[in-house]
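Trainee: One file is attached below, upload_25.txt, containing compact mmCIF, C-alpha atoms and all ligand atoms.
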# COMPACT_ATOMS: atom_id res chain seq x y z
CA MET H 1 118.74 -9.03 -114.26
CA ARG H 2 121.07 -11.02 -112.05
CA ALA H 3 123.92 -9.41 -110.20
CA THR H 4 127.30 -10.83 -111.01
CA GLY H 5 130.40 -11.15 -108.88
CA LEU H 6 128.41 -11.55 -105.69
CA ALA H 7 128.93 -15.26 -105.15
CA ASN H 8 131.89 -14.64 -102.86
CA ASN H 9 129.86 -12.71 -100.46
CA THR H 10 130.15 -15.39 -97.83
CA ALA H 11 128.08 -13.78 -95.09
CA LEU H 12 125.07 -13.35 -97.38
CA VAL H 13 125.36 -16.90 -98.68
CA ASP H 14 125.80 -18.24 -95.13
CA LEU H 15 122.52 -16.60 -94.15
CA ALA H 16 120.83 -18.32 -97.08
CA HIS H 17 122.08 -21.71 -95.85
CA ARG H 18 121.02 -20.82 -92.34
CA SER H 19 117.59 -19.75 -93.61
CA HIS H 20 117.11 -23.09 -95.31
CA GLN H 21 118.19 -24.89 -92.18
CA ILE H 22 115.82 -22.91 -89.94
CA ILE H 23 112.88 -23.51 -92.25
CA VAL H 24 113.41 -27.25 -92.63
CA THR H 25 114.23 -27.76 -88.97
CA HIS H 26 110.83 -26.35 -88.06
CA GLN H 27 108.86 -27.95 -90.89
CA HIS H 28 106.23 -30.18 -89.34
CA ALA H 29 106.36 -33.92 -90.04
CA GLY H 30 103.17 -33.49 -92.08
CA GLY H 31 104.74 -30.81 -94.30
CA ALA H 32 103.37 -27.56 -92.82
CA TYR H 33 105.69 -24.62 -92.27
CA PRO H 34 104.78 -23.05 -88.90
CA ALA H 35 104.69 -19.25 -89.21
CA SER H 36 106.94 -18.79 -86.18
CA PRO H 37 107.53 -21.83 -83.97
CA THR H 38 107.88 -20.08 -80.63
CA PHE H 39 105.90 -16.86 -80.95
CA SER H 40 102.96 -16.84 -78.57
CA ALA H 41 100.18 -15.93 -81.02
CA TYR H 42 101.44 -17.96 -84.00
CA ALA H 43 102.80 -21.13 -82.39
CA GLY H 44 101.14 -24.28 -83.67
CA TYR H 45 99.68 -22.62 -86.76
CA ALA H 46 100.57 -22.50 -90.46
CA TRP H 47 99.29 -19.87 -92.88
CA PHE H 48 98.85 -20.43 -96.62
CA ARG H 49 100.24 -16.94 -97.28
CA ASP H 50 103.43 -17.35 -95.21
CA GLY H 51 103.84 -20.97 -96.23
CA ALA H 52 103.48 -20.37 -99.96
CA PHE H 53 106.15 -17.67 -100.03
CA THR H 54 108.36 -19.80 -97.76
CA ALA H 55 107.93 -22.75 -100.14
CA GLU H 56 108.94 -20.52 -103.05
CA GLY H 57 112.16 -19.64 -101.22
CA ILE H 58 112.82 -23.30 -100.45
CA SER H 59 112.08 -24.27 -104.05
CA ARG H 60 114.52 -21.67 -105.33
CA TYR H 61 117.10 -22.91 -102.83
CA GLY H 62 116.71 -26.29 -104.49
CA ASP H 63 115.18 -28.33 -101.68
CA VAL H 64 112.55 -29.97 -103.89
CA GLN H 65 111.44 -32.49 -101.25
CA SER H 66 110.72 -29.92 -98.55
CA ALA H 67 108.65 -27.81 -100.97
CA ASN H 68 106.84 -30.93 -102.22
CA ARG H 69 105.92 -31.85 -98.67
CA PHE H 70 104.53 -28.40 -97.99
CA HIS H 71 102.46 -28.50 -101.18
CA ASP H 72 101.19 -31.97 -100.29
CA TRP H 73 100.08 -30.61 -96.92
CA ALA H 74 98.29 -27.66 -98.56
CA ARG H 75 96.62 -29.96 -101.09
CA ASP H 76 95.34 -32.22 -98.31
CA VAL H 77 94.03 -29.25 -96.31
CA LEU H 78 92.03 -28.18 -99.35
CA VAL H 79 90.83 -31.64 -100.34
CA ASP H 80 89.58 -32.16 -96.77
CA ARG H 81 87.42 -29.07 -97.29
CA ARG H 82 86.09 -29.95 -100.73
CA GLY H 83 82.62 -30.65 -99.30
CA ARG H 84 82.64 -27.39 -97.37
CA VAL H 85 83.49 -25.42 -100.52
CA ALA H 86 80.77 -27.31 -102.45
CA ASP H 87 78.27 -26.26 -99.76
CA LEU H 88 79.40 -22.65 -100.05
CA LEU H 89 78.97 -22.77 -103.84
CA ASP H 90 75.48 -24.24 -103.38
CA GLN H 91 74.59 -21.31 -101.15
CA VAL H 92 75.76 -18.86 -103.80
CA GLU H 93 73.78 -20.77 -106.41
CA ALA H 94 70.70 -20.43 -104.19
CA GLY H 95 71.23 -16.66 -104.00
CA GLU H 96 72.51 -16.71 -100.40
CA ARG H 97 75.62 -15.04 -99.08
CA PRO H 98 77.61 -17.27 -96.72
CA SER H 99 78.79 -15.71 -93.46
CA HIS H 100 82.47 -15.07 -92.81
CA GLU H 101 82.46 -17.86 -90.23
CA GLN H 102 81.52 -20.35 -92.94
CA MET H 103 84.41 -19.39 -95.23
CA LEU H 104 87.76 -21.20 -95.23
CA PRO H 105 90.15 -20.12 -92.49
CA THR H 106 93.39 -18.25 -92.99
CA ARG H 107 95.54 -20.44 -90.82
CA PHE H 108 95.43 -24.10 -89.87
CA THR H 109 96.94 -26.21 -87.15
CA LEU H 110 100.08 -28.04 -88.25
CA ASP H 111 97.94 -31.16 -88.57
CA GLY H 112 95.76 -29.33 -91.06
CA LEU H 113 92.76 -28.76 -88.82
CA ASP H 114 90.79 -25.56 -88.31
CA GLY H 115 92.14 -23.85 -85.22
CA SER H 116 90.10 -23.30 -82.09
CA ASP H 117 91.59 -19.90 -81.16
CA PRO H 118 89.71 -16.90 -82.51
CA TRP H 119 91.47 -15.23 -85.47
CA TRP H 120 90.83 -12.68 -88.23
CA ASP H 121 89.99 -15.56 -90.43
CA PHE H 122 88.36 -14.56 -93.67
CA GLN H 123 91.28 -13.80 -96.03
CA THR H 124 91.42 -14.99 -99.62
CA ASP H 125 94.94 -13.98 -100.69
CA GLY H 126 96.69 -17.06 -99.27
CA TYR H 127 94.82 -19.42 -101.56
CA GLY H 128 95.87 -17.38 -104.59
CA THR H 129 99.46 -17.21 -103.38
CA TRP H 130 99.50 -20.97 -102.91
CA LEU H 131 98.24 -21.59 -106.46
CA TRP H 132 100.99 -19.36 -107.81
CA ALA H 133 103.68 -20.99 -105.61
CA VAL H 134 102.77 -24.60 -106.42
CA ALA H 135 102.72 -23.88 -110.16
CA ALA H 136 106.05 -22.00 -109.98
CA HIS H 137 107.63 -24.87 -108.04
CA ALA H 138 106.35 -27.59 -110.38
CA ASP H 139 107.54 -25.64 -113.38
CA ARG H 140 110.97 -24.89 -111.92
CA HIS H 141 111.76 -28.47 -110.95
CA GLY H 142 109.78 -30.40 -113.56
CA GLN H 143 107.42 -31.79 -110.91
CA ASP H 144 104.14 -33.26 -112.07
CA LEU H 145 101.59 -30.62 -111.14
CA TYR H 146 98.80 -33.15 -111.35
CA ARG H 147 99.97 -34.43 -107.97
CA TRP H 148 98.47 -31.25 -106.49
CA LEU H 149 95.52 -30.84 -108.86
CA PRO H 150 92.81 -32.05 -106.43
CA GLY H 151 93.74 -29.21 -104.05
CA ILE H 152 94.24 -26.74 -106.87
CA GLU H 153 90.69 -27.37 -108.07
CA VAL H 154 89.22 -26.67 -104.63
CA ALA H 155 91.17 -23.40 -104.35
CA VAL H 156 90.15 -22.36 -107.87
CA ASP H 157 86.46 -23.07 -107.20
CA TYR H 158 86.62 -21.12 -103.95
CA LEU H 159 88.40 -18.13 -105.46
CA THR H 160 86.36 -17.88 -108.65
CA ALA H 161 83.21 -17.74 -106.47
CA PHE H 162 84.45 -15.37 -103.75
CA TRP H 163 87.24 -13.20 -105.22
CA ASP H 164 85.02 -10.14 -105.18
CA LEU H 165 84.13 -10.16 -101.47
CA PRO H 166 85.79 -7.68 -99.12
CA CYS H 167 87.94 -9.58 -96.61
CA TYR H 168 90.86 -9.10 -94.22
CA ASP H 169 94.12 -8.17 -95.96
CA TRP H 170 97.67 -9.56 -95.74
CA TRP H 171 97.87 -7.93 -92.30
CA GLU H 172 94.57 -9.36 -91.14
CA GLU H 173 92.95 -5.95 -90.97
CA HIS H 174 90.02 -4.03 -92.50
CA VAL H 175 87.61 -6.80 -93.38
CA GLU H 176 85.27 -4.20 -94.88
CA GLN H 177 87.64 -3.26 -97.73
CA GLN H 178 88.72 -4.70 -101.07
CA HIS H 179 92.48 -4.83 -100.85
CA ILE H 180 94.51 -4.48 -104.02
CA SER H 181 97.22 -6.92 -102.88
CA THR H 182 94.56 -9.52 -102.08
CA LEU H 183 93.05 -9.14 -105.55
CA GLY H 184 96.57 -9.30 -107.00
CA ALA H 185 97.33 -12.58 -105.24
CA ILE H 186 94.11 -14.13 -106.53
CA TYR H 187 94.88 -12.92 -110.04
CA GLY H 188 98.40 -14.37 -109.85
CA GLY H 189 97.14 -17.69 -108.54
CA LEU H 190 94.32 -18.14 -111.03
CA THR H 191 96.55 -17.17 -113.94
CA ALA H 192 99.21 -19.67 -112.85
CA ALA H 193 96.68 -22.49 -112.41
CA ALA H 194 94.69 -21.90 -115.61
CA PRO H 195 96.81 -24.03 -118.00
CA TYR H 196 96.27 -27.15 -115.87
CA LEU H 197 92.50 -26.93 -115.45
CA ASP H 198 89.62 -28.62 -117.28
CA THR H 199 87.91 -26.44 -119.88
CA ILE H 200 85.04 -25.33 -117.65
CA ARG H 201 87.29 -24.26 -114.80
CA ALA H 202 89.81 -22.73 -117.21
CA ALA H 203 87.09 -20.58 -118.78
CA ALA H 204 85.78 -19.41 -115.38
CA THR H 205 89.32 -18.69 -114.25
CA GLY H 206 90.14 -16.67 -117.35
CA GLN H 207 87.01 -14.61 -116.96
CA VAL H 208 87.62 -13.88 -113.28
CA ALA H 209 91.29 -13.05 -113.85
CA GLY H 210 90.23 -10.56 -116.52
CA SER H 211 87.67 -8.98 -114.17
CA ILE H 212 90.21 -8.70 -111.35
CA ARG H 213 92.75 -6.99 -113.56
CA ALA H 214 90.14 -4.59 -114.93
CA LYS H 215 88.98 -3.79 -111.39
CA ILE H 216 92.49 -3.13 -110.12
CA LEU H 217 93.33 -0.89 -113.06
CA SER H 218 90.09 1.07 -112.91
CA GLU H 219 89.49 1.26 -109.14
CA GLY H 220 92.84 0.53 -107.53
CA VAL H 221 94.97 3.27 -109.08
CA GLN H 222 95.24 6.88 -107.87
CA ASN H 223 97.83 9.48 -108.80
CA SER H 224 99.36 6.94 -111.22
CA HIS H 225 100.15 4.34 -108.53
CA LEU H 226 98.37 1.31 -107.06
CA THR H 227 96.53 1.94 -103.81
CA LYS H 228 96.18 0.05 -100.54
CA TRP H 229 92.49 -0.62 -101.08
CA ILE H 230 89.77 0.65 -103.35
CA GLY H 231 88.91 4.27 -102.67
CA VAL H 232 92.07 5.59 -100.97
CA THR H 233 95.27 7.24 -102.20
CA THR H 234 97.64 5.60 -99.70
CA VAL H 235 99.95 2.65 -100.42
CA ASP H 236 100.87 -0.59 -98.68
CA GLY H 237 104.20 -2.41 -98.57
CA SER H 238 102.55 -5.51 -100.03
CA LEU H 239 101.65 -3.78 -103.30
CA PRO H 240 104.84 -4.63 -105.21
CA SER H 241 103.51 -8.21 -105.28
CA CYS H 242 100.97 -7.04 -107.89
CA ILE H 243 103.97 -6.52 -110.18
CA VAL H 244 106.29 -9.36 -109.15
CA PRO H 245 105.34 -12.11 -108.66
CA PHE H 246 101.62 -11.81 -109.44
CA GLY H 247 101.92 -10.04 -112.79
CA VAL H 248 98.85 -7.79 -112.73
CA VAL H 249 101.15 -4.95 -113.74
CA ALA H 250 104.17 -5.44 -116.01
CA PRO H 251 107.59 -4.87 -114.39
CA GLY H 252 109.16 -1.68 -115.68
CA SER H 253 105.82 -0.22 -116.85
CA PRO H 254 104.95 3.35 -115.78
CA LEU H 255 102.37 2.07 -113.27
CA ALA H 256 104.91 -0.34 -111.78
CA ALA H 257 107.59 2.34 -111.60
CA SER H 258 105.38 4.93 -109.92
CA THR H 259 104.03 2.35 -107.45
CA LEU H 260 107.55 1.36 -106.41
CA ASP H 261 108.54 5.06 -106.21
CA LYS H 262 105.61 5.88 -103.98
CA ILE H 263 106.35 2.95 -101.67
CA GLN H 264 109.98 3.95 -101.49
CA GLN H 265 108.98 7.50 -100.68
CA ASP H 266 106.30 6.72 -98.09
CA LEU H 267 107.37 3.42 -96.53
CA GLU H 268 111.06 2.74 -97.11
CA ARG H 269 114.00 3.97 -95.03
CA ASP H 270 117.60 2.72 -95.17
CA GLY H 271 116.47 -0.49 -96.92
CA GLY H 272 113.73 -1.48 -94.46
CA VAL H 273 110.05 -1.25 -95.40
CA HIS H 274 106.98 -0.46 -93.28
CA ARG H 275 103.61 -2.10 -93.92
CA PHE H 276 101.68 1.20 -94.15
CA ARG H 277 101.92 4.65 -92.61
CA ALA H 278 99.16 4.11 -90.05
CA ASP H 279 100.62 0.85 -88.72
CA VAL H 280 100.69 0.54 -84.93
CA PHE H 281 101.43 -3.22 -84.56
CA TYR H 282 104.54 -3.44 -82.33
CA GLY H 283 104.85 0.32 -82.87
CA GLY H 284 104.96 0.03 -86.66
CA GLY H 285 108.48 -1.25 -87.31
CA GLN H 286 110.17 -2.22 -90.56
CA TRP H 287 109.39 -5.63 -92.03
CA LEU H 288 112.10 -7.86 -93.45
CA LEU H 289 109.84 -9.71 -95.85
CA LEU H 290 108.64 -6.42 -97.35
CA ALA H 291 112.20 -5.27 -97.85
CA ALA H 292 112.76 -8.52 -99.76
CA LEU H 293 109.59 -8.02 -101.81
CA LEU H 294 110.67 -4.53 -102.81
CA GLY H 295 114.18 -5.79 -103.57
CA TRP H 296 112.77 -8.61 -105.68
CA ASN H 297 110.82 -6.05 -107.67
CA HIS H 298 113.87 -3.86 -108.16
CA ALA H 299 115.82 -6.89 -109.36
CA ALA H 300 113.04 -7.77 -111.80
CA ALA H 301 113.09 -4.21 -113.09
CA GLY H 302 116.85 -4.52 -113.70
CA ASP H 303 118.11 -2.56 -110.68
CA SER H 304 120.23 -5.13 -108.88
CA GLU H 305 122.05 -2.45 -106.90
CA LYS H 306 118.86 -1.42 -105.10
CA ALA H 307 117.91 -5.07 -104.70
CA LEU H 308 121.25 -5.81 -103.07
CA HIS H 309 120.83 -2.85 -100.74
CA HIS H 310 117.64 -4.50 -99.40
CA LEU H 311 119.35 -7.88 -99.06
CA HIS H 312 122.14 -6.29 -97.02
CA TRP H 313 119.62 -4.51 -94.82
CA ILE H 314 117.78 -7.77 -94.13
CA ALA H 315 121.02 -9.59 -93.34
CA ALA H 316 121.96 -6.84 -90.88
CA GLN H 317 118.80 -7.57 -88.88
CA GLN H 318 119.65 -11.19 -88.05
CA THR H 319 120.06 -12.22 -84.44
CA LEU H 320 123.33 -13.67 -83.13
CA GLU H 321 121.91 -17.12 -83.96
CA GLY H 322 121.19 -16.08 -87.54
CA ALA H 323 117.40 -15.88 -87.06
CA LEU H 324 115.35 -13.29 -88.94
CA PRO H 325 112.50 -11.56 -87.10
CA GLU H 326 109.18 -10.42 -88.53
CA GLN H 327 109.97 -6.74 -87.96
CA VAL H 328 112.57 -4.55 -86.29
CA PRO H 329 111.97 -1.42 -84.21
CA THR H 330 113.95 0.93 -86.44
CA HIS H 331 112.15 4.16 -87.39
CA LEU H 332 108.99 3.17 -85.49
CA LEU H 333 105.92 4.85 -86.95
CA ALA H 334 103.94 4.69 -83.70
CA PRO H 335 106.44 4.20 -80.83
CA GLY H 336 103.71 4.76 -78.24
CA HIS H 337 102.01 1.53 -79.32
CA ARG H 338 104.99 -0.79 -79.01
CA GLN H 339 104.72 -1.69 -75.36
CA GLU H 340 101.08 -2.73 -75.55
CA TRP H 341 102.01 -5.47 -78.06
CA LEU H 342 105.06 -6.53 -76.05
CA ASP H 343 102.76 -6.87 -73.06
CA LYS H 344 100.12 -8.72 -75.05
CA TRP H 345 102.14 -11.16 -77.17
CA GLY H 346 105.77 -10.86 -76.00
CA THR H 347 108.87 -10.29 -78.15
CA VAL H 348 108.36 -9.95 -81.93
CA ALA H 349 108.07 -13.27 -83.80
CA THR H 350 111.63 -14.61 -84.30
CA PRO H 351 112.41 -16.54 -86.39
CA LEU H 352 109.60 -15.76 -88.81
CA LEU H 353 109.85 -18.44 -91.49
CA TRP H 354 108.30 -16.11 -94.07
CA SER H 355 111.21 -13.64 -93.50
CA HIS H 356 113.68 -16.47 -94.16
CA GLY H 357 111.73 -17.62 -97.23
CA MET H 358 111.75 -14.13 -98.71
CA TYR H 359 115.46 -13.79 -98.01
CA LEU H 360 116.00 -16.96 -100.04
CA ILE H 361 113.91 -15.58 -102.91
CA LEU H 362 115.88 -12.34 -103.06
CA ALA H 363 119.23 -14.08 -102.63
CA ASN H 364 118.29 -16.35 -105.54
CA GLU H 365 117.07 -13.44 -107.65
CA LEU H 366 120.48 -11.83 -107.15
CA GLY H 367 122.29 -14.98 -108.18
CA LEU H 368 123.76 -15.70 -104.73
CA ILE H 369 122.19 -19.14 -104.45
C1 LIG L 1 100.71 -10.83 -90.13
C2 LIG L 1 100.30 -11.76 -91.25
C3 LIG L 1 101.02 -13.10 -91.10
C4 LIG L 1 100.89 -13.66 -89.71
C5 LIG L 1 101.75 -14.88 -89.50
C6 LIG L 1 100.51 -11.50 -88.79
O1 LIG L 1 100.95 -10.65 -87.77
O2 LIG L 1 99.95 -9.64 -90.20
O3 LIG L 1 100.65 -11.22 -92.50
O4 LIG L 1 100.51 -13.98 -92.05
O5 LIG L 1 101.28 -12.69 -88.76
O6 LIG L 1 103.09 -14.62 -89.78
Let me see whether you can do it: turn the structure in this file into structure tokens.

Mentor:
Amino acid sequence: MRATGLANNTALVDLAHRSHQIIVTHQHAGGAYPASPTFSAYAGYAWFRDGAFTAEGISRYGDVQSANRFHDWARDVLVDRRGRVADLLDQVEAGERPSHEQMLPTRFTLDGLDGSDPWWDFQTDGYGTWLWAVAAHADRHGQDLYRWLPGIEVAVDYLTAFWDLPCYDWWEEHVEQQHISTLGAIYGGLTAAAPYLDTIRAAATGQVAGSIRAKILSEGVQNSHLTKWIGVTTVDGSLPSCIVPFGVVAPGSPLAASTLDKIQQDLERDGGVHRFRADVFYGGGQWLLLAALLGWNHAAAGDSEKALHHLHWIAAQQTLEGALPEQVPTHLLAPGHRQEWLDKWGTVATPLLWSHGMYLILANELGLI
């Protein structure tokens, strides 16, 4: 449901314009969206996960060309690795299990190369998120999806072969686990891509999507809510994505409602949302993009008042220049760990383009843009 009568809320709309401006100002000439242009550990790199959500925000804002350029970049990154994915599939065919080092990276240089700095690189969710985002964008603006099909096919082949492997999660942690939000992103991506694929790929995709959903529902639910990974009872702030946008769970269903309730209870305070209770990164602050994700889910479930509460909270976190950080140190979960990250990597990533992209999504969901 869309909120009405909000269009005059000038400050919120101004931040949407500012968000668009920040994102496009930093977009690389080749189309990549850098995660955070000046932050020490992210500078010079673009993630599929961050970029896909950022492109969704930009697409909803109506900047078709900027989103097209990002999707072109992502397609080219994948097409350049078509041979590498074919080799990986050959290994699987031969009964071998490729090492994590052989898998596709999580982040790329802005020129689309593998980076040379060590990173927590084996993460599959970003490829699923990209498939979902490119299909949503093409559909929204009547773009010809076949422009991106060569890259889509590489991502589909990769994900249908490797969806079931434990890997690092959205937060680049716990490589030994199967994370429900990762599985959700792959499900959402494969489902979105399926209608555009040849019959062989479409059949494989349908089968894998069915297996993912069955796995999540049988192994990723405890006490009537989704769980952070298989085998625990805790939640993660990324889990609402399994409802909206990835559609594993129907919005408004009992499982969706109790998952959102549990997240609100365990991770939300005053409109801000933590990643998970045990978070120590920068002391475990509240993340703007997760507040937007929760708000987006509330909007989809018809509760625009709660959604607006999250939008206001995000807007209140902007710097004097109108930049949105990754997280803010309100209600720190592990204050004793904050300084070690400040010493290691400096001030929290600001602006984080993903925060701005998610703000655009929620602002659009609420009818403000
Ligand atoms: C986060 C990731 C994110 C990356 C770039 C990391 O600190 O855990 O989710 O993709 O930063 O923004």

Trainee: Per residue of segment 247-354 of chain H within 7 Å of segment 23-38 of chain H, which atom pair is closest and at what distance in Å (one decimal), using all atoms listed in the file, listed by chain and increasing number, as JSON lines?

Mentor:
{"residue": "H:Ala349", "atom": "CA", "partner": "H:Ser36", "partner_atom": "CA", "distance": 6.1}
{"residue": "H:Thr350", "atom": "CA", "partner": "H:Ser36", "partner_atom": "CA", "distance": 6.6}
{"residue": "H:Pro351", "atom": "CA", "partner": "H:Ser36", "partner_atom": "CA", "distance": 5.9}
{"residue": "H:Leu352", "atom": "CA", "partner": "H:Ser36", "partner_atom": "CA", "distance": 4.8}
{"residue": "H:Leu353", "atom": "CA", "partner": "H:Ala35", "partner_atom": "CA", "distance": 5.7}
{"residue": "H:Trp354", "atom": "CA", "partner": "H:Ala35", "partner_atom": "CA", "distance": 6.8}

Trainee: Output C-alpha atoms for every residue in the selection just made, as a PDB file, in the coordinates of the input.

Mentor:
ATOM      1  CA  ALA H 349     108.070 -13.270 -83.800  1.00  0.00           C
ATOM      2  CA  THR H 350     111.630 -14.610 -84.300  1.00  0.00           C
ATOM      3  CA  PRO H 351     112.410 -16.540 -86.390  1.00  0.00           C
ATOM      4  CA  LEU H 352     109.600 -15.760 -88.810  1.00  0.00           C
ATOM      5  CA  LEU H 353     109.850 -18.440 -91.490  1.00  0.00           C
ATOM      6  CA  TRP H 354     108.300 -16.110 -94.070  1.00  0.00           C
TER       7      TRP H 354
END

Trainee: Select from chain H every residue with an atom at most 10 Å from any atom of ligand LIG 1 (chain L), then for each give the shortest pair of atoms and their distance in Å to one decimal, using only C-alpha atoms and all ligand atoms, rows by chain and rising number, as CSV.

Mentor:
residue,atom,partner,partner_atom,distance
H:Pro34,CA,L:LIG1,O6,8.6
H:Ala35,CA,L:LIG1,O6,4.9
H:Ser36,CA,L:LIG1,O6,6.7
H:Phe39,CA,L:LIG1,O6,9.5
H:Ala41,CA,L:LIG1,O5,8.5
H:Tyr42,CA,L:LIG1,C5,6.3
H:Ala43,CA,L:LIG1,C5,9.5
H:Tyr45,CA,L:LIG1,C5,8.5
H:Ala46,CA,L:LIG1,C5,7.8
H:Trp47,CA,L:LIG1,O4,6.1
H:Phe48,CA,L:LIG1,O4,8.1
H:Arg49,CA,L:LIG1,O4,6.0
H:Asp50,CA,L:LIG1,O4,5.5
H:Gly51,CA,L:LIG1,O4,8.8
H:Thr106,CA,L:LIG1,O4,8.4
H:Arg107,CA,L:LIG1,O4,8.2
H:Trp120,CA,L:LIG1,C6,9.8
H:Gly126,CA,L:LIG1,O4,8.7
H:Tyr168,CA,L:LIG1,O2,10.0
H:Asp169,CA,L:LIG1,O3,8.0
H:Trp170,CA,L:LIG1,O3,4.7
H:Trp171,CA,L:LIG1,O2,3.4
H:Glu172,CA,L:LIG1,O2,5.5
H:Glu173,CA,L:LIG1,O2,8.0
H:Ser238,CA,L:LIG1,O3,9.6
H:Arg275,CA,L:LIG1,O2,9.2
H:Phe281,CA,L:LIG1,O1,8.1
H:Tyr282,CA,L:LIG1,O1,9.7
H:Leu289,CA,L:LIG1,O3,9.9
H:Glu326,CA,L:LIG1,O6,7.5
H:Gln327,CA,L:LIG1,O1,9.8
H:Val348,CA,L:LIG1,O1,9.5
H:Ala349,CA,L:LIG1,O6,7.9
H:Leu352,CA,L:LIG1,O6,6.7
H:Leu353,CA,L:LIG1,O6,8.0
H:Trp354,CA,L:LIG1,O6,6.9
H:Ser355,CA,L:LIG1,O6,9.0

Trainee: Write a file of the just-selected residues containing C-alpha atoms, as a JSON list (two decimals), keeping the file's coordinate frame.

Mentor:
[["chain", "number", "residue", "atom", "x", "y", "z"],
["H", 34, "PRO", "CA", 104.78, -23.05, -88.90],
["H", 35, "ALA", "CA", 104.69, -19.25, -89.21],
["H", 36, "SER", "CA", 106.94, -18.79, -86.18],
["H", 39, "PHE", "CA", 105.90, -16.86, -80.95],
["H", 41, "ALA", "CA", 100.18, -15.93, -81.02],
["H", 42, "TYR", "CA", 101.44, -17.96, -84.00],
["H", 43, "ALA", "CA", 102.80, -21.13, -82.39],
["H", 45, "TYR", "CA", 99.68, -22.62, -86.76],
["H", 46, "ALA", "CA", 100.57, -22.50, -90.46],
["H", 47, "TRP", "CA", 99.29, -19.87, -92.88],
["H", 48, "PHE", "CA", 98.85, -20.43, -96.62],
["H", 49, "ARG", "CA", 100.24, -16.94, -97.28],
["H", 50, "ASP", "CA", 103.43, -17.35, -95.21],
["H", 51, "GLY", "CA", 103.84, -20.97, -96.23],
["H", 106, "THR", "CA", 93.39, -18.25, -92.99],
["H", 107, "ARG", "CA", 95.54, -20.44, -90.82],
["H", 120, "TRP", "CA", 90.83, -12.68, -88.23],
["H", 126, "GLY", "CA", 96.69, -17.06, -99.27],
["H", 168, "TYR", "CA", 90.86, -9.10, -94.22],
["H", 169, "ASP", "CA", 94.12, -8.17, -95.96],
["H", 170, "TRP", "CA", 97.67, -9.56, -95.74],
["H", 171, "TRP", "CA", 97.87, -7.93, -92.30],
["H", 172, "GLU", "CA", 94.57, -9.36, -91.14],
["H", 173, "GLU", "CA", 92.95, -5.95, -90.97],
["H", 238, "SER", "CA", 102.55, -5.51, -100.03],
["H", 275, "ARG", "CA", 103.61, -2.10, -93.92],
["H", 281, "PHE", "CA", 101.43, -3.22, -84.56],
["H", 282, "TYR", "CA", 104.54, -3.44, -82.33],
["H", 289, "LEU", "CA", 109.84, -9.71, -95.85],
["H", 326, "GLU", "CA", 109.18, -10.42, -88.53],
["H", 327, "GLN", "CA", 109.97, -6.74, -87.96],
["H", 348, "VAL", "CA", 108.36, -9.95, -81.93],
["H", 349, "ALA", "CA", 108.07, -13.27, -83.80],
["H", 352, "LEU", "CA", 109.60, -15.76, -88.81],
["H", 353, "LEU", "CA", 109.85, -18.44, -91.49],
["H", 354, "TRP", "CA", 108.30, -16.11, -94.07],
["H", 355, "SER", "CA", 111.21, -13.64, -93.50]]

Trainee: By how many Å are atom CA of Gln123 of chain H and atom CA of Leu89 of chain H apart?

Mentor: 17.1 Å

Trainee: With distances taken over all atoms listed in the file, which of H:Ala214, H:Val328, H:Ala299, H:Ile314 is nearest to Val248 of chain H?

Mentor: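 Among the listed residues, H:Ala214 lies closest to Val248 of chain H.
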
Trainee: For a test of reading the model, state the distance in Å between atom CA of Pro105 of chain H and atom CA of Trp119 of chain H, rounded to one decimal.

Mentor: 8.7 Å

Trainee: Would you compute, for all listed atoms of segment 247-250 of chain H, the axis-aligned bounding box grown by 4 Å on each side, and then report its centre and edge lengths in Å rounded to one decimal, as AutoDock Vina command-line options?

Mentor:
--center_x 101.5 --center_y -7.5 --center_z -114.4 --size_x 13.3 --size_y 13.1 --size_z 11.3

Trainee: Residues proximal to (78.4, -23.3, -103.6) were defined as those with any atom within 10 Å of that point in the file's coordinates, counting all atoms listed in the file. Which are they, as an MDAnalysis selection string?

Mentor: chainID H and resid 83:98 157:158 161:162

Trainee: What is the distance, in Å and to one decimal place, between atom CA of Val208 of chain H and atom CA of His174 of chain H?

Mentor: 23.1 Å

Trainee: Using all atoms listed in the file, which residue out of H:His179, H:Arg81, H:His309, H:Arg140 lies closest to Glu268 of chain H?

Mentor: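 Nearest to Glu268 of chain H: H:His309.
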
Trainee: Out of H:Leu267, H:Leu255, H:Ala250, H:Ala316, which residue has the shortest atom-to-atom distance to Gly237 of chain H when counting all atoms listed in the file?

Mentor: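 Checking each candidate against Gly237 of chain H, we get H:Leu267 as the closest.
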
Trainee: What's the 10 Å shell around Thr259 of chain H, counting all atoms listed in the file, without same-chain residues fewer than 4 positions away, as a ChimeraX atom specification?

Mentor: /H:221-227,235-236,239-240,242-243,253-255,263-265

Trainee: Counting only C-alpha atoms, select every polymer residue within 10 Å of (111.8, 5.2, -92.5) as defined in the file's coordinates, and provide the selection as an NGL selection string.

Mentor: :H and (264-274 or 277 or 285-286 or 330-333)
